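Structure data follow from model_31.txt (compact mmCIF, C-alpha atoms (C1' of nucleotides)):
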```
# COMPACT_ATOMS: atom_id res chain seq x y z
CA MET A 1 -89.66 -8.00 2.62
CA ARG A 2 -86.41 -6.22 1.87
CA ASP A 3 -85.22 -2.62 1.78
CA GLU A 4 -82.13 -0.63 0.80
CA VAL A 5 -80.66 -0.97 4.26
CA ASP A 6 -80.50 -4.75 3.95
CA GLY A 7 -78.25 -4.22 0.93
CA LEU A 8 -76.22 -1.60 2.72
CA VAL A 9 -75.56 -3.82 5.71
CA GLU A 10 -74.72 -6.76 3.49
CA ALA A 11 -72.16 -4.70 1.55
CA TRP A 12 -70.47 -3.45 4.70
CA ARG A 13 -70.34 -6.97 6.13
CA THR A 14 -68.53 -8.09 3.01
CA GLU A 15 -66.09 -5.19 2.95
CA ARG A 16 -65.58 -4.76 6.70
CA PRO A 17 -66.09 -8.21 8.25
CA ASP A 18 -64.10 -6.98 11.25
CA LEU A 19 -66.82 -4.52 12.32
CA ASP A 20 -70.20 -5.06 13.95
CA VAL A 21 -72.52 -3.05 11.73
CA GLU A 22 -75.69 -4.14 13.49
CA PRO A 23 -76.56 -0.62 14.75
CA LEU A 24 -77.10 0.40 11.12
CA GLN A 25 -80.11 -1.91 11.00
CA VAL A 26 -81.96 0.49 13.22
CA LEU A 27 -80.39 3.89 12.72
CA SER A 28 -79.88 3.86 8.97
CA ARG A 29 -83.53 2.99 8.63
CA VAL A 30 -84.45 5.96 10.77
CA SER A 31 -82.37 8.29 8.59
CA ARG A 32 -83.64 6.91 5.30
CA LEU A 33 -87.23 6.92 6.40
CA ALA A 34 -86.83 10.54 7.47
CA ARG A 35 -85.45 11.42 4.03
CA HIS A 36 -88.47 9.87 2.35
CA LEU A 37 -90.78 11.69 4.73
CA ASP A 38 -89.10 15.00 3.97
CA ARG A 39 -89.60 14.56 0.26
CA ALA A 40 -93.22 13.54 0.70
CA ARG A 41 -93.96 16.39 3.08
CA ARG A 42 -92.61 18.82 0.52
CA THR A 43 -95.03 17.41 -2.06
CA VAL A 44 -98.01 17.56 0.29
CA PHE A 45 -97.26 21.11 1.40
CA THR A 46 -96.65 22.34 -2.12
CA GLU A 47 -100.17 21.25 -3.00
CA HIS A 48 -101.35 23.63 -0.31
CA GLY A 49 -99.13 26.50 -1.36
CA LEU A 50 -96.62 26.16 1.45
CA GLU A 51 -92.92 25.38 1.66
CA PRO A 52 -91.82 23.03 4.45
CA TRP A 53 -90.09 25.86 6.28
CA GLU A 54 -93.25 27.95 6.02
CA PHE A 55 -95.25 25.15 7.61
CA ASP A 56 -92.70 24.84 10.40
CA VAL A 57 -93.06 28.47 11.41
CA LEU A 58 -96.82 28.72 10.95
CA ALA A 59 -97.39 25.45 12.81
CA GLU A 60 -95.33 26.67 15.73
CA LEU A 61 -97.52 29.76 15.96
CA ARG A 62 -100.69 27.71 15.51
CA ARG A 63 -99.77 25.26 18.24
CA SER A 64 -99.06 28.05 20.71
CA GLY A 65 -102.82 28.77 20.80
CA PRO A 66 -104.62 32.12 20.71
CA PRO A 67 -103.59 34.80 20.04
CA TYR A 68 -101.12 32.84 17.80
CA GLU A 69 -98.37 35.31 18.56
CA MET A 70 -94.72 34.82 19.54
CA SER A 71 -91.40 36.66 19.47
CA PRO A 72 -88.89 35.83 16.71
CA GLY A 73 -86.50 34.68 19.40
CA ARG A 74 -88.91 32.07 20.72
CA LEU A 75 -89.69 30.97 17.17
CA LEU A 76 -86.06 30.46 16.25
CA ARG A 77 -85.38 28.47 19.39
CA ALA A 78 -88.40 26.29 18.68
CA THR A 79 -87.47 25.65 15.07
CA LEU A 80 -83.71 25.33 15.60
CA VAL A 81 -82.62 27.89 13.01
CA THR A 82 -80.36 30.90 13.42
CA SER A 83 -81.57 34.43 13.91
CA GLY A 84 -80.59 35.43 10.38
CA THR A 85 -82.65 32.61 8.95
CA MET A 86 -85.66 33.50 11.08
CA THR A 87 -85.52 37.15 10.06
CA ASN A 88 -85.50 36.06 6.44
CA ARG A 89 -88.39 33.65 6.98
CA ILE A 90 -90.55 36.19 8.76
CA ASP A 91 -89.84 38.74 6.01
CA ARG A 92 -91.14 36.34 3.38
CA LEU A 93 -94.11 35.13 5.41
CA ALA A 94 -95.11 38.73 6.10
CA ALA A 95 -94.76 39.59 2.39
CA ALA A 96 -97.11 36.68 1.63
CA ASP A 97 -99.50 37.98 4.32
CA LEU A 98 -99.36 34.76 6.28
CA VAL A 99 -98.05 36.52 9.39
CA ARG A 100 -97.90 40.10 10.59
CA ARG A 101 -95.18 41.85 12.55
CA ARG A 102 -95.90 44.42 15.23
CA PRO A 103 -93.75 46.10 17.88
CA ASP A 104 -93.78 44.40 21.26
CA PRO A 105 -95.54 46.87 23.60
CA ALA A 106 -93.69 45.39 26.57
CA ASP A 107 -90.14 45.50 25.18
CA LYS A 108 -89.11 48.17 22.72
CA ARG A 109 -86.23 46.01 21.40
CA GLY A 110 -88.61 43.32 20.31
CA VAL A 111 -91.35 42.58 17.83
CA LEU A 112 -94.17 40.06 17.90
CA VAL A 113 -95.16 37.80 15.02
CA ARG A 114 -98.82 36.92 14.71
CA LEU A 115 -100.53 34.40 12.45
CA SER A 116 -102.91 36.04 9.96
CA ASP A 117 -106.32 34.57 9.16
CA GLU A 118 -105.00 33.40 5.82
CA GLY A 119 -101.96 31.90 7.56
CA GLN A 120 -104.16 29.96 9.92
CA LYS A 121 -106.32 28.69 7.08
CA ARG A 122 -103.27 27.47 5.19
CA VAL A 123 -101.56 25.77 8.08
CA ASP A 124 -104.79 24.09 9.19
CA ALA A 125 -105.36 22.72 5.69
CA ALA A 126 -101.74 21.62 5.34
CA LEU A 127 -101.79 19.79 8.68
CA ALA A 128 -104.89 17.86 7.70
CA ALA A 129 -103.27 16.86 4.41
CA LEU A 130 -100.06 15.88 6.17
CA LEU A 131 -101.90 13.63 8.59
CA GLU A 132 -103.82 12.05 5.77
CA TYR A 133 -100.56 11.27 4.00
CA GLU A 134 -98.91 9.98 7.15
CA GLU A 135 -101.85 7.74 7.85
CA SER A 136 -101.43 6.26 4.38
CA ILE A 137 -97.75 5.55 5.07
CA LEU A 138 -98.60 3.77 8.28
CA GLY A 139 -101.25 2.06 6.23
CA GLY A 140 -101.65 -1.47 7.31
CA MET A 141 -99.74 -1.27 10.54
CA ARG A 142 -101.78 -2.52 13.45
CA ARG A 143 -102.44 -0.28 16.39
CA ALA A 144 -100.43 -2.47 18.74
CA ASP A 145 -97.42 -2.31 16.42
CA ARG A 146 -97.71 1.48 16.12
CA GLU A 147 -97.69 1.80 19.85
CA ARG A 148 -94.75 -0.54 20.17
CA LEU A 149 -92.89 1.49 17.54
CA SER A 150 -93.71 4.80 19.25
CA PHE A 151 -92.55 3.40 22.55
CA LEU A 152 -89.23 2.14 21.22
CA LEU A 153 -88.54 5.35 19.31
CA ARG A 154 -89.36 7.42 22.38
CA SER A 155 -86.83 5.47 24.38
CA LEU A 156 -84.15 6.45 21.85
CA LEU A 157 -85.30 10.04 21.41
CA SER A 158 -85.91 10.96 25.02
CA PRO A 159 -82.25 10.99 26.15
CA LEU A 160 -81.27 13.01 23.06
CA ASP A 161 -84.03 15.56 23.66
CA GLU A 162 -82.83 15.88 27.23
CA SER A 163 -79.27 16.70 26.26
CA ALA A 164 -80.36 19.13 23.53
CA THR A 165 -82.85 20.96 25.76
CA HIS A 166 -80.42 21.31 28.66
CA PRO A 167 -77.16 22.08 26.84
CA GLY A 168 -75.36 22.78 30.09
CA SER A 169 -73.26 19.63 30.06
CA MET B 1 -90.27 8.68 30.01
CA ARG B 2 -91.29 11.69 27.93
CA ASP B 3 -89.94 13.40 24.83
CA GLU B 4 -90.62 16.52 22.72
CA VAL B 5 -93.15 14.67 20.59
CA ASP B 6 -95.40 14.01 23.57
CA GLY B 7 -95.63 17.79 24.01
CA LEU B 8 -96.17 18.32 20.31
CA VAL B 9 -99.04 15.85 20.15
CA GLU B 10 -100.59 17.26 23.29
CA ALA B 11 -100.52 20.81 21.86
CA TRP B 12 -102.11 19.75 18.58
CA ARG B 13 -104.81 17.80 20.43
CA THR B 14 -105.68 20.95 22.34
CA GLU B 15 -105.70 23.21 19.29
CA ARG B 16 -107.15 20.77 16.75
CA PRO B 17 -109.37 18.38 18.70
CA ASP B 18 -111.15 17.61 15.42
CA LEU B 19 -108.10 15.84 13.93
CA ASP B 20 -106.57 12.45 14.67
CA VAL B 21 -102.90 13.29 15.18
CA GLU B 22 -101.89 9.79 16.19
CA PRO B 23 -99.62 9.26 13.13
CA LEU B 24 -97.33 11.96 14.54
CA GLN B 25 -96.51 9.66 17.43
CA VAL B 26 -94.53 7.48 15.05
CA LEU B 27 -93.46 9.71 12.20
CA SER B 28 -92.51 12.88 14.07
CA ARG B 29 -90.28 10.73 16.24
CA VAL B 30 -88.61 9.33 13.14
CA SER B 31 -87.95 12.84 11.82
CA ARG B 32 -86.70 14.23 15.10
CA LEU B 33 -84.49 11.25 15.78
CA ALA B 34 -83.00 11.64 12.31
CA ARG B 35 -82.24 15.29 13.02
CA HIS B 36 -80.39 14.36 16.19
CA LEU B 37 -78.50 11.66 14.34
CA ASP B 38 -77.45 14.11 11.64
CA ARG B 39 -76.03 16.51 14.17
CA ALA B 40 -74.19 13.76 15.99
CA ARG B 41 -72.81 12.27 12.80
CA ARG B 42 -71.43 15.66 11.87
CA THR B 43 -69.61 15.79 15.19
CA VAL B 44 -68.21 12.29 14.86
CA PHE B 45 -67.03 12.82 11.30
CA THR B 46 -65.49 16.20 12.06
CA GLU B 47 -63.29 14.47 14.62
CA HIS B 48 -61.99 12.35 11.76
CA GLY B 49 -61.49 15.24 9.36
CA LEU B 50 -64.52 14.50 7.19
CA GLU B 51 -67.71 16.35 6.36
CA PRO B 52 -70.90 14.23 6.24
CA TRP B 53 -71.13 14.64 2.47
CA GLU B 54 -67.51 13.51 2.13
CA PHE B 55 -68.30 10.38 4.12
CA ASP B 56 -71.33 9.69 1.93
CA VAL B 57 -69.28 9.69 -1.24
CA LEU B 58 -66.25 7.87 0.14
CA ALA B 59 -68.44 5.24 1.81
CA GLU B 60 -70.25 4.60 -1.42
CA LEU B 61 -66.92 3.92 -3.13
CA ARG B 62 -65.68 1.83 -0.21
CA ARG B 63 -68.78 -0.34 -0.14
CA SER B 64 -68.51 -1.04 -3.84
CA GLY B 65 -65.41 -3.16 -3.12
CA PRO B 66 -62.10 -3.25 -5.01
CA PRO B 67 -61.01 -1.40 -7.05
CA TYR B 68 -63.15 1.20 -5.21
CA GLU B 69 -63.96 2.92 -8.48
CA MET B 70 -67.24 4.24 -9.91
CA SER B 71 -68.53 6.75 -12.44
CA PRO B 72 -69.85 10.10 -11.21
CA GLY B 73 -73.24 9.16 -12.61
CA ARG B 74 -73.50 6.04 -10.49
CA LEU B 75 -72.30 7.98 -7.46
CA LEU B 76 -74.90 10.69 -7.86
CA ARG B 77 -77.69 8.17 -8.27
CA ALA B 78 -76.54 6.34 -5.15
CA THR B 79 -76.28 9.47 -3.04
CA LEU B 80 -79.39 11.21 -4.41
CA VAL B 81 -77.73 14.50 -5.31
CA THR B 82 -77.77 16.34 -8.63
CA SER B 83 -74.99 16.17 -11.17
CA GLY B 84 -73.86 19.71 -10.38
CA THR B 85 -73.49 18.84 -6.73
CA MET B 86 -71.57 15.68 -7.51
CA THR B 87 -69.14 17.50 -9.79
CA ASN B 88 -68.49 19.98 -7.00
CA ARG B 89 -68.01 17.21 -4.44
CA ILE B 90 -65.60 15.25 -6.58
CA ASP B 91 -63.63 18.44 -7.28
CA ARG B 92 -63.15 19.03 -3.58
CA LEU B 93 -62.45 15.40 -2.71
CA ALA B 94 -59.84 15.26 -5.46
CA ALA B 95 -58.27 18.51 -4.22
CA ALA B 96 -58.01 16.90 -0.76
CA ASP B 97 -56.46 13.78 -2.37
CA LEU B 98 -59.18 11.51 -1.03
CA VAL B 99 -60.20 10.41 -4.53
CA ARG B 100 -58.62 10.53 -7.98
CA ARG B 101 -60.28 11.14 -11.33
CA ARG B 102 -59.22 9.37 -14.51
CA PRO B 103 -60.72 9.08 -17.98
CA ASP B 104 -62.92 6.05 -18.52
CA PRO B 105 -61.07 3.88 -21.07
CA ALA B 106 -64.36 2.31 -22.18
CA ASP B 107 -66.37 5.51 -22.71
CA LYS B 108 -64.68 8.70 -23.85
CA ARG B 109 -67.52 10.82 -22.45
CA GLY B 110 -66.98 9.55 -18.97
CA VAL B 111 -64.54 9.60 -16.10
CA LEU B 112 -63.98 7.22 -13.22
CA VAL B 113 -63.56 8.19 -9.59
CA ARG B 114 -61.32 6.04 -7.44
CA LEU B 115 -60.77 6.05 -3.70
CA SER B 116 -57.19 6.98 -2.75
CA ASP B 117 -55.29 5.14 0.00
CA GLU B 118 -55.76 8.16 2.25
CA GLY B 119 -59.46 8.24 1.36
CA GLN B 120 -59.86 4.63 2.35
CA LYS B 121 -58.03 5.16 5.63
CA ARG B 122 -60.28 8.09 6.49
CA VAL B 123 -63.55 6.44 5.60
CA ASP B 124 -62.61 3.25 7.44
CA ALA B 125 -61.77 5.18 10.59
CA ALA B 126 -64.91 7.31 10.34
CA LEU B 127 -67.15 4.26 9.93
CA ALA B 128 -65.70 2.65 13.03
CA ALA B 129 -66.28 5.85 15.00
CA LEU B 130 -69.82 6.16 13.65
CA LEU B 131 -70.68 2.62 14.70
CA GLU B 132 -69.25 3.21 18.13
CA TYR B 133 -71.41 6.29 18.52
CA GLU B 134 -74.50 4.53 17.20
CA GLU B 135 -73.97 1.66 19.59
CA SER B 136 -73.92 4.16 22.43
CA ILE B 137 -77.24 5.64 21.28
CA LEU B 138 -78.83 2.22 21.20
CA GLY B 139 -77.21 1.76 24.54
CA GLY B 140 -79.41 -0.22 26.79
CA MET B 141 -81.82 -1.48 24.19
CA ARG B 142 -82.12 -5.25 24.30
CA ARG B 143 -81.36 -7.27 21.24
CA ALA B 144 -84.94 -8.45 20.89
CA ASP B 145 -86.21 -4.86 20.95
CA ARG B 146 -83.63 -3.81 18.36
CA GLU B 147 -84.78 -6.54 16.07
CA ARG B 148 -88.41 -5.65 16.61
CA LEU B 149 -87.60 -2.01 15.84
CA SER B 150 -85.66 -2.93 12.69
CA PHE B 151 -88.50 -5.11 11.55
CA LEU B 152 -91.17 -2.45 12.04
CA LEU B 153 -89.07 0.27 10.40
CA ARG B 154 -88.35 -2.00 7.45
CA SER B 155 -92.05 -2.53 6.95
CA LEU B 156 -92.50 1.23 6.62
CA LEU B 157 -89.38 1.82 4.54
CA SER B 158 -89.68 -1.03 2.09
CA PRO B 159 -92.70 0.30 0.14
CA LEU B 160 -91.11 3.75 -0.06
CA ASP B 161 -87.82 2.34 -1.35
CA GLU B 162 -89.78 0.45 -3.96
CA SER B 163 -91.51 3.52 -5.33
CA ALA B 164 -88.31 5.59 -5.28
CA THR B 165 -86.24 2.90 -7.00
CA HIS B 166 -88.80 2.24 -9.74
CA PRO B 167 -90.06 5.75 -10.50
CA GLY B 168 -92.15 4.56 -13.38
CA SER B 169 -95.47 5.09 -11.61
C1' DG C 1 -79.72 57.53 39.37
C1' DG C 2 -76.07 56.17 36.14
C1' DC C 3 -73.09 52.92 33.89
C1' DG C 4 -71.83 48.27 32.18
C1' DA C 5 -73.18 43.86 30.69
C1' DC C 6 -76.78 41.45 28.57
C1' DT C 7 -80.56 40.45 25.23
C1' DC C 8 -83.00 41.03 21.07
C1' DT C 9 -83.50 41.60 16.04
C1' DC C 10 -81.47 42.37 11.79
C1' DT C 11 -77.38 42.71 8.34
C1' DT C 12 -73.37 40.96 5.84
C1' DG C 13 -70.38 37.69 3.51
C1' DA C 14 -69.49 33.03 2.40
C1' DT C 15 -71.02 28.33 1.22
C1' DA C 16 -73.52 24.22 -0.54
C1' DT C 17 -77.25 22.97 -2.93
C1' DC C 18 -80.51 22.62 -6.92
C1' DA C 19 -82.66 23.35 -11.65
C1' DA C 20 -81.74 24.00 -16.17
C1' DG C 21 -78.97 23.63 -19.88
C1' DA C 22 -74.43 23.26 -22.75
C1' DG C 23 -71.05 20.50 -24.98
C1' DA C 24 -69.17 16.16 -26.25
C1' DT C 25 -69.51 11.30 -27.19
C1' DA C 26 -72.11 6.95 -27.94
C1' DT C 27 -75.85 4.16 -29.71
C1' DG C 28 -79.47 2.51 -32.66
C1' DC C 29 -82.60 2.74 -36.47
C1' DT C 30 -83.37 3.13 -41.24
C1' DA D 1 -73.06 4.87 -43.70
C1' DG D 2 -75.71 8.82 -41.65
C1' DC D 3 -78.56 11.17 -38.69
C1' DA D 4 -81.41 11.68 -34.64
C1' DT D 5 -81.77 10.57 -29.96
C1' DA D 6 -79.81 9.40 -25.59
C1' DT D 7 -76.28 9.64 -22.11
C1' DC D 8 -72.62 11.61 -19.52
C1' DT D 9 -70.09 15.35 -17.14
C1' DC D 10 -69.67 19.99 -16.17
C1' DT D 11 -71.25 25.11 -16.05
C1' DT D 12 -74.32 28.90 -14.79
C1' DG D 13 -77.59 31.55 -12.07
C1' DA D 14 -80.57 31.69 -8.22
C1' DT D 15 -81.75 30.44 -3.44
C1' DA D 16 -81.67 29.22 1.57
C1' DT D 17 -78.81 28.58 5.14
C1' DC D 18 -75.23 29.66 8.65
C1' DA D 19 -71.60 32.26 11.42
C1' DA D 20 -70.30 36.44 13.00
C1' DG D 21 -71.24 40.83 14.26
C1' DA D 22 -73.78 45.58 14.46
C1' DG D 23 -77.12 48.57 16.47
C1' DA D 24 -80.79 49.46 19.65
C1' DG D 25 -82.91 48.83 24.09
C1' DT D 26 -83.26 46.75 28.93
C1' DC D 27 -81.90 45.44 33.51
C1' DG D 28 -79.22 45.11 37.66
C1' DC D 29 -75.67 46.52 40.65
C1' DC D 30 -73.21 49.85 42.93
```
As structure tokens, how would this structure be written, given the file I've shared?
Amino acid sequence: MRDEVDGLVEAWRTERPDLDVEPLQVLSRVSRLARHLDRARRTVFTEHGLEPWEFDVLAELRRSGPPYEMSPGRLLRATLVTSGTMTNRIDRLAAADLVRRRPDPADKRGVLVRLSDEGQKRVDAALAALLEYEESILGGMRRADRERLSFLLRSLLSPLDESATHPGS
Amino acid sequence: MRDEVDGLVEAWRTERPDLDVEPLQVLSRVSRLARHLDRARRTVFTEHGLEPWEFDVLAELRRSGPPYEMSPGRLLRATLVTSGTMTNRIDRLAAADLVRRRPDPADKRGVLVRLSDEGQKRVDAALAALLEYEESILGGMRRADRERLSFLLRSLLSPLDESATHPGS
DNA sequence: GGCGACTCTCTTGATATCAAGAGATATGCT
DNA sequence: AGCATATCTCTTGATATCAAGAGAGTCGCC
């Protein structure tokens, strides 16, 4: 079994024998795997009439539970985009009738974004398709290995999530 | 130990109890970790006067070994960008004197792109800084766990690399 | 109660990317 | 040899994103 990263590491070891490139064995694989997943997700979502960014926003609303309604501000913080980007996204989602905007009765500065019935249908279908695809990627991996992998990845991710969530350092 | 993905999975389990969202435990962590790594890489490279895309191109040349020279076509295939993007990148790298363009003596259609001395200095320094950062991320992880993680990630990545490298399916 | 600082959404201008195609040279088949 | 096809780099037009800031409304402190 061999992948692109084995070649990458080998090339660096030849060109930079003075450096310890061992961390690439783990972290380059994470990056490359994520790139493949992005491409595949785009394909899966396209089959369900959604762009990846559309899924991101709709899924955030869907996960929040009934009444599937949030402020743009909360949405942009959850999806890590800027306010200009979120305005643009909501405009296009509303034009496609996947969400609806209404004034926030409690704060006249604000609006609320609510998932439409069609939006919920689409995001529910897209999630099912995504999981089906992801299951096929994980394919033969045994349950014990999946859990081991989740555990190890969590140990890397958890400190990073901490520092991103509490940016006060 | 808890991360954002634990919350994500919990929310989906509440809202979609009919679906098995277990694959997210592995693959959402891969995606989120990659996003953190991208941000951090940007920071590290900026400290060395390079954009991430500049590092990608310069590193590709550096890894190819002396004389650190490749065609734009080979570069764009290695970095997975389109030809228009690569032309733009080479323009800017040449303007910054990190690479030089010259006509290919063997093929009058083509040009060759060669790493300049300054380009090599920059990419060498940036790689060292990147590895230092990556080592700090891996921090306390034991060698045996790193190897286990590499092995499991390779088993996921290898089939995907195959299908991307040989697109004839 | 009134004023200043803060928060929220949306707008503007600039940038990097991609998809599609143009123009020039090379290659192979008859 | 000659012509069609393939290959290579670069150009064009459209799009999504971000950074910075504008305008409207809210909240707290004096």
key: d(CA of Leu131 in chain A, CA of Leu160 in chain B) in Å   =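 Computed distance, CA of Leu131 in chain A to CA of Leu160 in chain B, equals 17.0 Å.
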task = Using all atoms listed in the file, pick whichever of A:Val99, A:Leu149, A:Met86, A:Val113 has the shortest atom-to-atom distance to chain D.
result =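 Smallest separation from chain D among the options: A:Met86.
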request  = For chain C, work out the contacting residues on chain A at 9 Å, counting only C-alpha atoms (C1' of nucleotides), and write them as a list of chain:residue names.
outcome  =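 Residues of chain A within 9 Å of chain C, counting only C-alpha atoms (C1' of nucleotides): A:Pro72, A:Gly73, A:Ser83, A:Gly84, A:Thr87, A:Arg109, A:Gly110, A:Val111.
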Give me, as CSV, each residue of chain A that comes within 8 Å of chain D, together with its shortest interatomic pair and the distance in Å at one decimal, counting only C-alpha atoms (C1' of nucleotides), with rows ordered by chain and rising residue number.
```
residue,atom,partner,partner_atom,distance
A:Thr82,CA,D:DC18,C1',7.1
A:Thr85,CA,D:DT17,C1',6.7
A:Asp107,CA,D:DT26,C1',7.9
A:Lys108,CA,D:DG25,C1',6.4
A:Arg109,CA,D:DG25,C1',5.1
```
Considering all atoms listed in the file, extract the chain A residues located within 8 Å of chain B and return them as a compact mmCIF listing (two decimals) with C-alpha atoms, in the coordinates of the input.
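The resulting file, part-v8.txt, is reproduced below:
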```txt
# COMPACT_ATOMS: atom_id res chain seq x y z
CA MET A 1 -89.66 -8.00 2.62
CA ARG A 2 -86.41 -6.22 1.87
CA ASP A 3 -85.22 -2.62 1.78
CA GLU A 4 -82.13 -0.63 0.80
CA ALA A 11 -72.16 -4.70 1.55
CA TRP A 12 -70.47 -3.45 4.70
CA GLU A 15 -66.09 -5.19 2.95
CA LEU A 19 -66.82 -4.52 12.32
CA ASP A 20 -70.20 -5.06 13.95
CA VAL A 21 -72.52 -3.05 11.73
CA PRO A 23 -76.56 -0.62 14.75
CA LEU A 24 -77.10 0.40 11.12
CA GLN A 25 -80.11 -1.91 11.00
CA VAL A 26 -81.96 0.49 13.22
CA LEU A 27 -80.39 3.89 12.72
CA ARG A 29 -83.53 2.99 8.63
CA VAL A 30 -84.45 5.96 10.77
CA SER A 31 -82.37 8.29 8.59
CA ARG A 32 -83.64 6.91 5.30
CA LEU A 33 -87.23 6.92 6.40
CA ALA A 34 -86.83 10.54 7.47
CA HIS A 36 -88.47 9.87 2.35
CA LEU A 37 -90.78 11.69 4.73
CA ARG A 62 -100.69 27.71 15.51
CA ARG A 63 -99.77 25.26 18.24
CA SER A 64 -99.06 28.05 20.71
CA GLY A 65 -102.82 28.77 20.80
CA ALA A 128 -104.89 17.86 7.70
CA LEU A 131 -101.90 13.63 8.59
CA GLU A 134 -98.91 9.98 7.15
CA GLU A 135 -101.85 7.74 7.85
CA ILE A 137 -97.75 5.55 5.07
CA LEU A 138 -98.60 3.77 8.28
CA ASP A 145 -97.42 -2.31 16.42
CA ARG A 146 -97.71 1.48 16.12
CA LEU A 149 -92.89 1.49 17.54
CA SER A 150 -93.71 4.80 19.25
CA LEU A 152 -89.23 2.14 21.22
CA LEU A 153 -88.54 5.35 19.31
CA ARG A 154 -89.36 7.42 22.38
CA SER A 155 -86.83 5.47 24.38
CA LEU A 156 -84.15 6.45 21.85
CA LEU A 157 -85.30 10.04 21.41
CA SER A 158 -85.91 10.96 25.02
CA LEU A 160 -81.27 13.01 23.06
CA ASP A 161 -84.03 15.56 23.66
CA GLU A 162 -82.83 15.88 27.23
```
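Across the model, the gap from CA of Leu112 in chain A to CA of Met70 in chain A is 5.5 Å.
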task = Work out how far CA of Arg102 in chain B is from CA of Thr46 in chain B, in Å to one decimal.
result =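 If I compute the distance from CA of Thr46 in chain B to CA of Arg102 in chain B, I get 28.1 Å.
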